[in-house]
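Peer 1: Quick one: structure below, then a few questions.
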Protein chains: 2
Amino acid sequence: MNDELINQFVETWGTMGSAWGVNNSVARVHGLLIITDRPWCIDEIVERLRISKSNVSTSLKELRSWNVIRKVFLPGDRREFYACEPNAWEMLFNIMRQRKKRELDPILASISLTCEQAKKAPSGIAVDRLAQMKQMLDVFDNLATLALKSEAQVKALVSLLPKRK
Amino acid sequence: MNDELINQFVETWGTMGSAWGVNNSVARVHGLLIITDRPWCIDEIVERLRISKSNVSTSLKELRSWNVIRKVFLPGDRREFYACEPNAWEMLFNIMRQRKKRELDPILASISLTCEQAKKAPSGIAVDRLAQMKQMLDVFDNLATLALKSEAQVKALVSLLPKRK
DNA sequence: CCATTTGTTCGTAATATTCTGAACATAACG
DNA sequence: CGTTATGTTCAGAATATTACGAACAAATGG
C-alpha cells in the first residue's frame, strides 16, 4: 500500500521543516497536501495525520499566511478544503517572499543602522567586517527581490548553474 | 559608548540565528566575535554576554563544528582564544557546506527514494509533483556543491544579479 | 428557532530546549 | 606533588514551544 510512501514523504517534509525553523505539524500538513495533490478538509487531515483538529486548524492558518495553500470549495459540500500551490517553484518563491519580509528585511535594517552608527564611533568595532556583513545581506536582499519580481529571471539564473555529474 | 552598538549587533545576529534554527546563545557568541574582530577567551565572553561558562563552552564547540571560528593562541597566555573566520563569504560557505551535509543531503536521498518507489506504485500519489520537488532540491544541491567547490564561481554568479535601484 | 456541522480560539498540559552550576578532567606552575 | 587556572561534561532546573481539548463562534438545514 502506498500510504506508506505518503507517510515517508510527510515525515521527510516535516523533518526538513524542523531543520529550517518551521513547526513540524505545519510542515507535515503541507507535506500531505503536496504529495497527494488533492484538496483535503480539516477532519480528513486530522484522521490521516493523527493530530488534533485545533492543531490542523492553526497549521492551515500558518500555511495560508505563507501563501502556499489555498481554499477550495467542492460543490455540494460546505466544508472548507485546502490544496497546495501547484507549482513547486512558485511555492518556494512565496516562502522566500515571506521570509524576506519577516526576517531578512528587519535584520538588514538593523544592521544598516548599526553600520552607519559604527562609522561615527568606530573604536572596538570592526567597521570593515560589519560593512562586509551588510554587503552580503544586500546580495540576499537582491536575490529575494529578484525572486519576488520574476520567477523567469531566477530560473534563467539557475540554468546558468554548472550541472553536476 | 559603543558597547551599545556591539550589543545591538549581537542581539540582531542572535535573532537572525533563531529565525534560521540556530541556537540564540551560539549566534550571540558568534556575533560578538564578528563585530569585535579580535580573539576572545571563554571568561571574557562570559563576562561580556552574561551567560554561563558552560554555555559559552558548548557554543564555541558548536561554532567550531561549523568551521566559522578558530582557536588563537596568544603568546604568554595559556587560555584559549577564539576568533571568527575573517572572510564573510567564506564564513557563509562554510555554513552552507555543513547545512548541506547535515540537512539537504539526507532529505534529498529520502525524497529520491520515495520518488523512485512512487513511480512503481503511483495511485494516490502525485508523481509529477514529487518529481518537481526532487528537481528543485537538486538545484539547491547543485548550488551548494558549487559553493563547496569554488567561492569564485558563486561570486561570479552573484555579480550577474541585476542590481536594485 | 433549535440542533448539527464546521471551524477557531485559548488556557493549560505535555513535551522539548536551553541554560546553569557542580563535578570532573587536564595541564601549568610553584 | 599539591595548588591554581582553564576547559568540558552532564544532570537537572528553568524556560519555551507545541499540542490538545474544551469552550466558543458561525453558519447551515430541518
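Residues in the C-alpha cells are named by chain (A, B, ... in the order shown) and by number from 1 within that chain; ligands are numbered from 1 in the order shown.
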Would you tabulate, counting only C-alpha atoms (C1' of nucleotides), all residues of chain D that have an atom at most 10 Å from an atom of chain A, showing the closest pair of atoms and their distance in Å to one decimal, sorted by chain then ascending number, as CSV?

Peer 2:
```
residue,atom,partner,partner_atom,distance
D:DT17,C1',A:Asn23,CA,9.6
D:DT18,C1',A:Asn23,CA,8.5
D:DA19,C1',A:Asn55,CA,6.5
D:DC20,C1',A:Ser52,CA,6.4
D:DG21,C1',A:Ser52,CA,8.3
D:DA27,C1',A:Arg78,CA,9.7
D:DT28,C1',A:Arg78,CA,8.5
```

Peer 1: Please give the complete set of residues from region 22-143 of chain A that DSSP, run on the backbone, assigns to strand (DSSP E), formatted as a JSON list (two decimals) with N, CA and C atoms, in the first residue's frame.

Peer 2:
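So the final result, stored in states.json, reads:
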```
[["chain", "number", "residue", "atom", "x", "y", "z"],
["A", 40, "TRP", "N", -7.93, 18.65, 0.75],
["A", 40, "TRP", "CA", -8.23, 17.95, 1.99],
["A", 40, "TRP", "C", -9.01, 18.89, 2.91],
["A", 41, "CYS", "N", -9.96, 18.36, 3.65],
["A", 41, "CYS", "CA", -10.61, 19.19, 4.67],
["A", 41, "CYS", "C", -10.00, 18.85, 6.03],
["A", 69, "ILE", "N", -0.83, 27.45, 0.34],
["A", 69, "ILE", "CA", -2.05, 26.65, 0.14],
["A", 69, "ILE", "C", -3.21, 27.59, -0.14],
["A", 70, "ARG", "N", -4.26, 27.04, -0.70],
["A", 70, "ARG", "CA", -5.44, 27.85, -0.94],
["A", 70, "ARG", "C", -6.71, 27.06, -0.65],
["A", 71, "LYS", "N", -7.76, 27.82, -0.30],
["A", 71, "LYS", "CA", -9.05, 27.21, -0.04],
["A", 71, "LYS", "C", -9.66, 26.72, -1.35],
["A", 72, "VAL", "N", -10.30, 25.58, -1.27],
["A", 72, "VAL", "CA", -11.02, 25.04, -2.42],
["A", 72, "VAL", "C", -12.42, 24.69, -1.94],
["A", 81, "PHE", "N", -12.00, 23.03, 1.98],
["A", 81, "PHE", "CA", -10.89, 22.14, 1.62],
["A", 81, "PHE", "C", -9.67, 22.99, 1.30],
["A", 82, "TYR", "N", -8.53, 22.37, 1.41],
["A", 82, "TYR", "CA", -7.29, 23.09, 1.10],
["A", 82, "TYR", "C", -6.44, 22.28, 0.15],
["A", 83, "ALA", "N", -5.87, 23.00, -0.81],
["A", 83, "ALA", "CA", -4.95, 22.35, -1.74],
["A", 83, "ALA", "C", -3.70, 23.22, -1.81],
["A", 84, "CYS", "N", -2.59, 22.60, -2.12],
["A", 84, "CYS", "CA", -1.36, 23.38, -2.13],
["A", 84, "CYS", "C", -1.12, 24.03, -3.47]]
```

Peer 1: Please report as a PyMOL selection string which residues of chain C come no farther than 10 Å from chain B, using only C-alpha atoms (C1' of nucleotides).

Peer 2: chain C and resi 17-21+27-28

Peer 1: Residues of chain B were defined as contacting chain A if any atom lay at most 7 Å from it, counting only C-alpha atoms; please report them as a PyMOL selection string.

Peer 2: chain B and resi 2+5+9+12+16+19-21+35-37+88+103+107+111+114+121+124-126+129-130+132-133+142+163-164

Peer 1: Go ahead and write the selection's residues with C-alpha atoms as a PDB file, in the first residue's frame.

Peer 2:
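This is the output file result_34.pdb:
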```pdb
ATOM      1  CA  ASN B   2      29.867  51.864  21.554  1.00  0.00           C
ATOM      2  CA  LEU B   5      26.488  49.226  19.256  1.00  0.00           C
ATOM      3  CA  PHE B   9      24.669  43.776  16.565  1.00  0.00           C
ATOM      4  CA  THR B  12      20.438  41.195  15.849  1.00  0.00           C
ATOM      5  CA  MET B  16      18.728  36.043  12.898  1.00  0.00           C
ATOM      6  CA  ALA B  19      14.982  32.579  12.721  1.00  0.00           C
ATOM      7  CA  TRP B  20      17.191  30.066  10.920  1.00  0.00           C
ATOM      8  CA  GLY B  21      17.231  27.384  13.549  1.00  0.00           C
ATOM      9  CA  ILE B  35      31.604  42.580  15.352  1.00  0.00           C
ATOM     10  CA  THR B  36      34.692  42.978  17.522  1.00  0.00           C
ATOM     11  CA  ASP B  37      37.061  41.105  15.231  1.00  0.00           C
ATOM     12  CA  ALA B  88      32.295  36.872   5.437  1.00  0.00           C
ATOM     13  CA  GLU B 103      20.218  18.615   6.250  1.00  0.00           C
ATOM     14  CA  ILE B 107      16.448  14.804   2.704  1.00  0.00           C
ATOM     15  CA  ILE B 111      12.921  12.084  -1.456  1.00  0.00           C
ATOM     16  CA  THR B 114      10.293   7.977  -2.383  1.00  0.00           C
ATOM     17  CA  ALA B 121       3.048   2.307  -7.234  1.00  0.00           C
ATOM     18  CA  GLY B 124      -2.899   8.363  -4.694  1.00  0.00           C
ATOM     19  CA  ILE B 125       0.486   9.957  -5.097  1.00  0.00           C
ATOM     20  CA  ALA B 126       1.237  12.956  -7.244  1.00  0.00           C
ATOM     21  CA  ARG B 129       4.618  16.900  -8.079  1.00  0.00           C
ATOM     22  CA  LEU B 130       7.098  14.722  -6.280  1.00  0.00           C
ATOM     23  CA  GLN B 132       9.172  18.556  -9.342  1.00  0.00           C
ATOM     24  CA  MET B 133      10.130  18.750  -5.667  1.00  0.00           C
ATOM     25  CA  ASN B 142      23.960  21.955  -7.311  1.00  0.00           C
ATOM     26  CA  LYS B 163      21.270  45.440  -9.023  1.00  0.00           C
ATOM     27  CA  ARG B 164      18.381  47.013  -7.221  1.00  0.00           C
TER      28      ARG B 164
END
```

Peer 1: Once DSSP has gone over the backbone, tell me which residues of region 27-140 of chain B are in alpha helix (DSSP H), as a ChimeraX atom specification.

Peer 2: /B:27-36,42-49,53-65,88-99,105-120,127-140

Peer 1: If chain B is superposed onto chain A by least squares using every Cα atom in order, what is the RMSD, in Å to one decimal?

Peer 2: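 Between these identical-sequence chains, the C-alpha RMSD is 0.1 Å.
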
Peer 1: Need the shell around Ile42 (chain A): protein/DNA/RNA residues with any atom at most 9 Å away, counting only C-alpha atoms (C1' of nucleotides). Skip same-chain ones fewer than 3 positions apart. Format as an mmCIF file with N, CA and C atoms (P, O5', C5', C4', C3', O3' and C1' of nucleotides), in the first residue's frame?

Peer 2:
```
data_model
loop_
_atom_site.group_PDB
_atom_site.id
_atom_site.type_symbol
_atom_site.label_atom_id
_atom_site.label_comp_id
_atom_site.auth_asym_id
_atom_site.auth_seq_id
_atom_site.Cartn_x
_atom_site.Cartn_y
_atom_site.Cartn_z
ATOM 1 N N ILE A 45 -7.627 15.514 7.422
ATOM 2 C CA ILE A 45 -6.218 15.643 7.824
ATOM 3 C C ILE A 45 -6.032 15.137 9.250
ATOM 4 N N VAL A 46 -6.989 15.492 10.111
ATOM 5 C CA VAL A 46 -6.960 15.002 11.499
ATOM 6 C C VAL A 46 -6.842 13.488 11.504
ATOM 7 N N GLU A 47 -7.730 12.881 10.753
ATOM 8 C CA GLU A 47 -7.788 11.423 10.640
ATOM 9 C C GLU A 47 -6.468 10.848 10.114
ATOM 10 N N LYS A 53 -7.608 18.512 15.882
ATOM 11 C CA LYS A 53 -8.267 19.428 14.972
ATOM 12 C C LYS A 53 -7.730 20.849 15.130
ATOM 13 N N VAL A 56 -4.458 21.157 13.444
ATOM 14 C CA VAL A 56 -4.617 21.252 11.990
ATOM 15 C C VAL A 56 -5.100 22.642 11.602
ATOM 16 N N SER A 57 -6.074 23.134 12.358
ATOM 17 C CA SER A 57 -6.630 24.448 12.049
ATOM 18 C C SER A 57 -5.553 25.535 12.071
ATOM 19 N N LEU A 60 -3.023 25.109 9.198
ATOM 20 C CA LEU A 60 -3.540 25.590 7.914
ATOM 21 C C LEU A 60 -3.487 27.112 7.854
ATOM 22 N N ARG A 79 -17.882 22.038 3.775
ATOM 23 C CA ARG A 79 -16.590 22.094 4.448
ATOM 24 C C ARG A 79 -15.581 22.872 3.593
ATOM 25 N N GLU A 80 -14.564 23.383 4.255
ATOM 26 C CA GLU A 80 -13.503 24.069 3.519
ATOM 27 C C GLU A 80 -12.386 23.072 3.224
ATOM 28 N N PHE A 81 -11.999 23.027 1.984
ATOM 29 C CA PHE A 81 -10.895 22.140 1.618
ATOM 30 C C PHE A 81 -9.674 22.990 1.303
ATOM 31 N N TYR A 82 -8.532 22.366 1.412
ATOM 32 C CA TYR A 82 -7.295 23.087 1.105
ATOM 33 C C TYR A 82 -6.444 22.280 0.152
ATOM 34 P P DG C 7 -14.457 22.804 7.957
ATOM 35 O "O5'" DG C 7 -14.082 23.954 8.989
ATOM 36 C "C5'" DG C 7 -14.463 25.298 8.693
ATOM 37 C "C4'" DG C 7 -14.085 26.180 9.852
ATOM 38 C "C3'" DG C 7 -12.602 26.117 10.237
ATOM 39 O "O3'" DG C 7 -12.042 27.413 10.111
ATOM 40 C "C1'" DG C 7 -14.004 25.932 12.153
#
```
